[in-house]
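*Asks:* Next up, final08.pdb (PDB, C-alpha atoms, pLDDT in the B column).
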```
ATOM      1  CA  THR A1021    -117.164   6.032  -6.216  1.00 54.00           C
ATOM      2  CA  PRO A1022    -119.684   8.494  -7.712  1.00 58.00           C
ATOM      3  CA  ALA A1023    -121.495  10.765  -5.239  1.00 58.00           C
ATOM      4  CA  SER A1024    -124.825   9.236  -6.290  1.00 65.00           C
ATOM      5  CA  GLN A1025    -123.661   5.944  -4.779  1.00 66.00           C
ATOM      6  CA  CYS A1026    -123.216   7.405  -1.289  1.00 76.00           C
ATOM      7  CA  ASN A1027    -125.918   5.252   0.281  1.00 70.00           C
ATOM      8  CA  THR A1028    -124.030   4.170   3.396  1.00 63.00           C
ATOM      9  CA  GLY A1029    -123.985   7.557   5.078  1.00 69.00           C
ATOM     10  CA  ASN A1030    -123.512  11.255   4.559  1.00 76.00           C
ATOM     11  CA  LEU A1031    -121.411  13.035   2.000  1.00 83.00           C
ATOM     12  CA  GLN A1032    -118.607  14.879   3.800  1.00 87.00           C
ATOM     13  CA  CYS A1033    -115.789  17.233   2.851  1.00 88.00           C
ATOM     14  CA  CYS A1034    -112.774  16.457   5.040  1.00 90.00           C
ATOM     15  CA  ASN A1035    -109.547  18.430   5.357  1.00 90.00           C
ATOM     16  CA  SER A1036    -107.686  15.130   5.324  1.00 90.00           C
ATOM     17  CA  THR A1037    -108.251  11.395   5.385  1.00 91.00           C
ATOM     18  CA  GLN A1038    -106.169   8.521   6.702  1.00 92.00           C
ATOM     19  CA  GLU A1039    -106.468   4.778   6.294  1.00 92.00           C
ATOM     20  CA  SER A1040    -107.955   3.378   9.498  1.00 89.00           C
ATOM     21  CA  SER A1041    -105.210   0.739   9.547  1.00 89.00           C
ATOM     22  CA  ASN A1042    -102.487   3.426   9.487  1.00 90.00           C
ATOM     23  CA  THR A1043    -103.553   6.429  11.601  1.00 90.00           C
ATOM     24  CA  ASN A1044    -100.891   8.785  12.924  1.00 92.00           C
ATOM     25  CA  ALA A1045    -100.311   9.322  16.642  1.00 92.00           C
ATOM     26  CA  SER A1046    -102.318  12.544  16.934  1.00 91.00           C
ATOM     27  CA  LEU A1047    -105.364  11.056  15.189  1.00 91.00           C
ATOM     28  CA  THR A1048    -105.098   7.905  17.284  1.00 91.00           C
ATOM     29  CA  SER A1049    -105.106  10.115  20.411  1.00 92.00           C
ATOM     30  CA  ILE A1050    -108.200  12.032  19.225  1.00 91.00           C
ATOM     31  CA  LEU A1051    -110.016   8.787  18.446  1.00 91.00           C
ATOM     32  CA  GLY A1052    -109.101   7.462  21.891  1.00 91.00           C
ATOM     33  CA  LEU A1053    -110.511  10.570  23.580  1.00 92.00           C
ATOM     34  CA  LEU A1054    -113.734  10.062  21.614  1.00 91.00           C
ATOM     35  CA  GLY A1055    -113.936   6.441  22.780  1.00 91.00           C
ATOM     36  CA  VAL A1056    -113.312   4.983  19.317  1.00 89.00           C
ATOM     37  CA  VAL A1057    -111.549   1.608  19.207  1.00 86.00           C
ATOM     38  CA  VAL A1058    -109.021   2.112  16.408  1.00 83.00           C
ATOM     39  CA  GLY A1059    -108.506  -1.611  15.790  1.00 84.00           C
ATOM     40  CA  ALA A1060    -112.199  -2.046  14.967  1.00 84.00           C
ATOM     41  CA  LEU A1061    -112.261   0.630  12.242  1.00 86.00           C
ATOM     42  CA  THR A1062    -112.565  -0.068   8.531  1.00 87.00           C
ATOM     43  CA  GLY A1063    -112.207   2.243   5.553  1.00 88.00           C
ATOM     44  CA  GLN A1064    -110.771   5.701   5.942  1.00 92.00           C
ATOM     45  CA  VAL A1065    -111.021   8.196   8.783  1.00 93.00           C
ATOM     46  CA  GLY A1066    -111.917  11.734   7.776  1.00 91.00           C
ATOM     47  CA  VAL A1067    -110.522  14.635   9.825  1.00 91.00           C
ATOM     48  CA  SER A1068    -112.142  18.083  10.204  1.00 91.00           C
ATOM     49  CA  CYS A1069    -115.200  17.261   8.120  1.00 89.00           C
ATOM     50  CA  SER A1070    -118.264  19.224   7.124  1.00 87.00           C
ATOM     51  CA  PRO A1071    -121.375  18.042   5.270  1.00 84.00           C
ATOM     52  CA  VAL A1072    -121.620  18.500   1.518  1.00 77.00           C
ATOM     53  CA  THR A1073    -125.140  19.307   0.367  1.00 65.00           C
ATOM     54  CA  LEU A1074    -126.782  20.259  -2.911  1.00 53.00           C
ATOM     55  CA  ILE A1075    -124.019  18.941  -5.138  1.00 52.00           C
ATOM     56  CA  GLY A1076    -123.480  20.999  -8.227  1.00 52.00           C
ATOM     57  CA  LEU A1077    -124.642  24.366  -6.896  1.00 49.00           C
ATOM     58  CA  ALA A1078    -122.167  27.234  -6.903  1.00 49.00           C
ATOM     59  CA  GLY A1079    -120.489  28.001  -3.597  1.00 52.00           C
ATOM     60  CA  ASN A1080    -120.756  24.471  -2.271  1.00 56.00           C
ATOM     61  CA  SER A1081    -117.583  22.877  -3.528  1.00 65.00           C
ATOM     62  CA  CYS A1082    -115.144  20.709  -1.662  1.00 76.00           C
ATOM     63  CA  SER A1083    -111.549  21.718  -2.302  1.00 75.00           C
ATOM     64  CA  ALA A1084    -110.245  19.026   0.065  1.00 76.00           C
ATOM     65  CA  GLN A1085    -111.258  15.337   0.050  1.00 79.00           C
ATOM     66  CA  PRO A1086    -114.914  14.499  -0.579  1.00 85.00           C
ATOM     67  CA  VAL A1087    -115.858  11.223   1.103  1.00 88.00           C
ATOM     68  CA  CYS A1088    -118.915   9.155   1.912  1.00 89.00           C
ATOM     69  CA  CYS A1089    -118.836   8.207   5.603  1.00 88.00           C
ATOM     70  CA  SER A1090    -120.959   5.756   7.560  1.00 87.00           C
ATOM     71  CA  LYS A1091    -120.421   7.268  11.030  1.00 86.00           C
ATOM     72  CA  ASN A1092    -120.489  11.037  11.509  1.00 82.00           C
ATOM     73  CA  SER A1093    -121.479  11.391  15.142  1.00 82.00           C
ATOM     74  CA  PHE A1094    -118.481  13.460  16.278  1.00 87.00           C
ATOM     75  CA  ASN A1095    -119.554  16.965  15.144  1.00 85.00           C
ATOM     76  CA  GLY A1096    -117.077  17.081  12.269  1.00 84.00           C
ATOM     77  CA  VAL A1097    -113.984  16.341  14.350  1.00 90.00           C
ATOM     78  CA  VAL A1098    -113.698  12.941  12.674  1.00 91.00           C
ATOM     79  CA  ALA A1099    -115.872  10.822  10.404  1.00 90.00           C
ATOM     80  CA  LEU A1100    -115.525   7.046  10.308  1.00 91.00           C
ATOM     81  CA  GLY A1101    -115.935   4.399   7.641  1.00 90.00           C
ATOM     82  CA  CYS A1102    -115.186   6.794   4.790  1.00 90.00           C
ATOM     83  CA  THR A1103    -114.801   6.050   1.095  1.00 89.00           C
ATOM     84  CA  PRO A1104    -113.411   8.671  -1.327  1.00 88.00           C
ATOM     85  CA  ILE A1105    -115.925   9.863  -3.901  1.00 83.00           C
ATOM     86  CA  ASN A1106    -115.951  11.907  -7.077  1.00 76.00           C
ATOM     87  CA  ILE A1107    -118.233  14.975  -7.005  1.00 67.00           C
ATOM     88  CA  ASN A1108    -117.184  16.342 -10.392  1.00 60.00           C
TER      89      ASN A1108
END
```
Mind converting the file's structure to C-alpha coordinates?
*Replies:*
Amino acid sequence: TPASQCNTGNLQCCNSTQESSNTNASLTSILGLLGVVVGALTGQVGVSCSPVTLIGLAGNSCSAQPVCCSKNSFNGVVALGCTPININ
(Lines of atoms letter the chains of each structure in order from A and count residues from 1; the text may use other names and numbers.)
(Lines give C-alpha, C1' and ligand atoms only; values in the text may rest on other atoms or scores of the structure.)
Protein backbone atom coordinates (compact mmCIF):
# COMPACT_ATOMS: atom_id res chain seq x y z
CA THR A 1 0.00 0.00 0.00
CA PRO A 2 1.45 3.44 -0.85
CA ALA A 3 1.83 5.88 2.06
CA SER A 4 -0.59 8.28 0.35
CA GLN A 5 -3.34 5.69 0.85
CA CYS A 6 -2.98 5.68 4.65
CA ASN A 7 -6.46 7.06 5.27
CA THR A 8 -7.52 4.68 8.04
CA GLY A 9 -5.15 5.99 10.68
CA ASN A 10 -1.65 7.21 11.36
CA LEU A 11 1.55 6.28 9.63
CA GLN A 12 3.78 4.43 12.11
CA CYS A 13 7.28 2.99 12.15
CA CYS A 14 7.26 -0.21 14.21
CA ASN A 15 10.24 -2.27 15.35
CA SER A 16 8.26 -5.37 14.45
CA THR A 17 4.83 -6.49 13.31
CA GLN A 18 2.90 -9.70 13.84
CA GLU A 19 -0.27 -11.03 12.28
CA SER A 20 -3.09 -10.53 14.78
CA SER A 21 -4.15 -14.15 14.21
CA ASN A 22 -0.67 -15.42 15.18
CA THR A 23 0.75 -13.31 18.03
CA ASN A 24 3.50 -14.77 20.21
CA ALA A 25 3.06 -15.32 23.95
CA SER A 26 4.82 -12.13 25.06
CA LEU A 27 2.78 -9.92 22.73
CA THR A 28 -0.42 -11.68 23.76
CA SER A 29 0.49 -10.93 27.41
CA ILE A 30 1.13 -7.24 26.64
CA LEU A 31 -2.16 -6.96 24.77
CA GLY A 32 -3.95 -8.60 27.70
CA LEU A 33 -2.45 -6.10 30.16
CA LEU A 34 -3.67 -3.29 27.90
CA GLY A 35 -7.19 -4.77 27.87
CA VAL A 36 -7.08 -5.72 24.19
CA VAL A 37 -9.14 -8.76 23.18
CA VAL A 38 -6.76 -10.61 20.86
CA GLY A 39 -9.49 -12.65 19.17
CA ALA A 40 -11.21 -9.46 17.98
CA LEU A 41 -8.13 -8.05 16.21
CA THR A 42 -7.71 -7.82 12.46
CA GLY A 43 -4.68 -6.93 10.37
CA GLN A 44 -1.25 -6.74 11.91
CA VAL A 45 -0.12 -5.63 15.35
CA GLY A 46 2.79 -3.22 15.42
CA VAL A 47 5.22 -3.36 18.35
CA SER A 48 7.32 -0.43 19.65
CA CYS A 49 5.94 2.10 17.20
CA SER A 50 6.58 5.78 16.63
CA PRO A 51 4.80 8.19 14.27
CA VAL A 52 6.24 8.87 10.84
CA THR A 53 5.75 12.47 9.73
CA LEU A 54 6.85 14.58 6.79
CA ILE A 55 7.62 11.69 4.48
CA GLY A 56 10.55 12.32 2.22
CA LEU A 57 12.48 14.73 4.43
CA ALA A 58 15.99 13.75 5.49
CA GLY A 59 16.35 12.35 8.99
CA ASN A 60 12.84 10.96 9.14
CA SER A 61 13.25 7.51 7.69
CA CYS A 62 11.90 4.24 8.98
CA SER A 63 14.51 1.50 8.95
CA ALA A 64 12.07 -1.01 10.47
CA GLN A 65 8.51 -1.70 9.24
CA PRO A 66 6.41 1.26 8.12
CA VAL A 67 2.71 0.57 8.64
CA CYS A 68 -0.62 2.36 8.54
CA CYS A 69 -2.53 1.61 11.76
CA SER A 70 -6.13 2.31 12.70
CA LYS A 71 -5.68 2.24 16.50
CA ASN A 72 -2.67 3.91 18.11
CA SER A 73 -3.92 4.70 21.59
CA PHE A 74 -1.21 2.82 23.53
CA ASN A 75 1.64 5.39 23.45
CA GLY A 76 3.70 3.42 20.94
CA VAL A 77 3.77 0.17 22.92
CA VAL A 78 1.53 -1.44 20.30
CA ALA A 79 -0.51 -0.25 17.34
CA LEU A 80 -3.52 -2.20 16.11
CA GLY A 81 -5.12 -2.79 12.74
CA CYS A 82 -1.89 -2.22 10.82
CA THR A 83 -1.21 -2.63 7.12
CA PRO A 84 2.36 -2.57 5.73
CA ILE A 85 3.07 0.39 3.47
CA ASN A 86 5.76 1.52 1.08
CA ILE A 87 7.35 4.90 1.92
CA ASN A 88 10.01 4.79 -0.80
*Asks:* Go through the shown structure with the PyMOL selection byres ((chain A and resi 1034-1041) around 6) and write out the matching residues as a VMD selection string.
*Replies:* chain A and resid 1033 1042 to 1043 1061 to 1069 1084 to 1085
*Asks:* Ranking A:Ser1046, A:Asn1106, A:Ser1070, A:Asn1027 by minimum distance to Phe1094 in chain A and counting all atoms listed in the file, which one comes first?
*Replies:*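 Smallest distance to Phe1094 in chain A is found for A:Ser1070.
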*Asks:* From the options A:Ile1050, A:Gly1055, A:Leu1031, A:Leu1100, which residue's atoms come nearest to Cys1088 in chain A, counting all atoms listed in the file?
*Replies:* A:Leu1031
*Asks:* Measuring atom to atom with only C-alpha atoms, identify which of A:Ile1105, A:Val1056, A:Ala1045, A:Val1072 is nearest to Lys1091 in chain A.
*Replies:* A:Val1056
*Asks:* Smallest atom-to-atom distance to Cys1026 in chain A: which of A:Ser1093, A:Val1057, A:Val1087, A:Ala1099, using all atoms listed in the file?
*Replies:*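 Using all atoms listed in the file, Cys1026 in chain A sits closest to A:Val1087.
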*Asks:* I'd like to know which of A:Thr1103, A:Gln1032, A:Asn1044, A:Asn1095 is closest to Ser1083 in chain A, using only C-alpha atoms.
*Replies:* A:Gln1032
*Asks:* Separation of CA of Ser1049 in chain A and CA of Asn1030 in chain A, in Å?
*Replies:*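 Computing the Euclidean distance for CA of Ser1049 in chain A and CA of Asn1030 in chain A yields 24.3 Å.
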*Asks:* What is the distance between CA of Pro1104 in chain A and CA of Gly1052 in chain A, in Å to one decimal?
*Replies:*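 Computing the Euclidean distance for CA of Pro1104 in chain A and CA of Gly1052 in chain A yields 23.6 Å.
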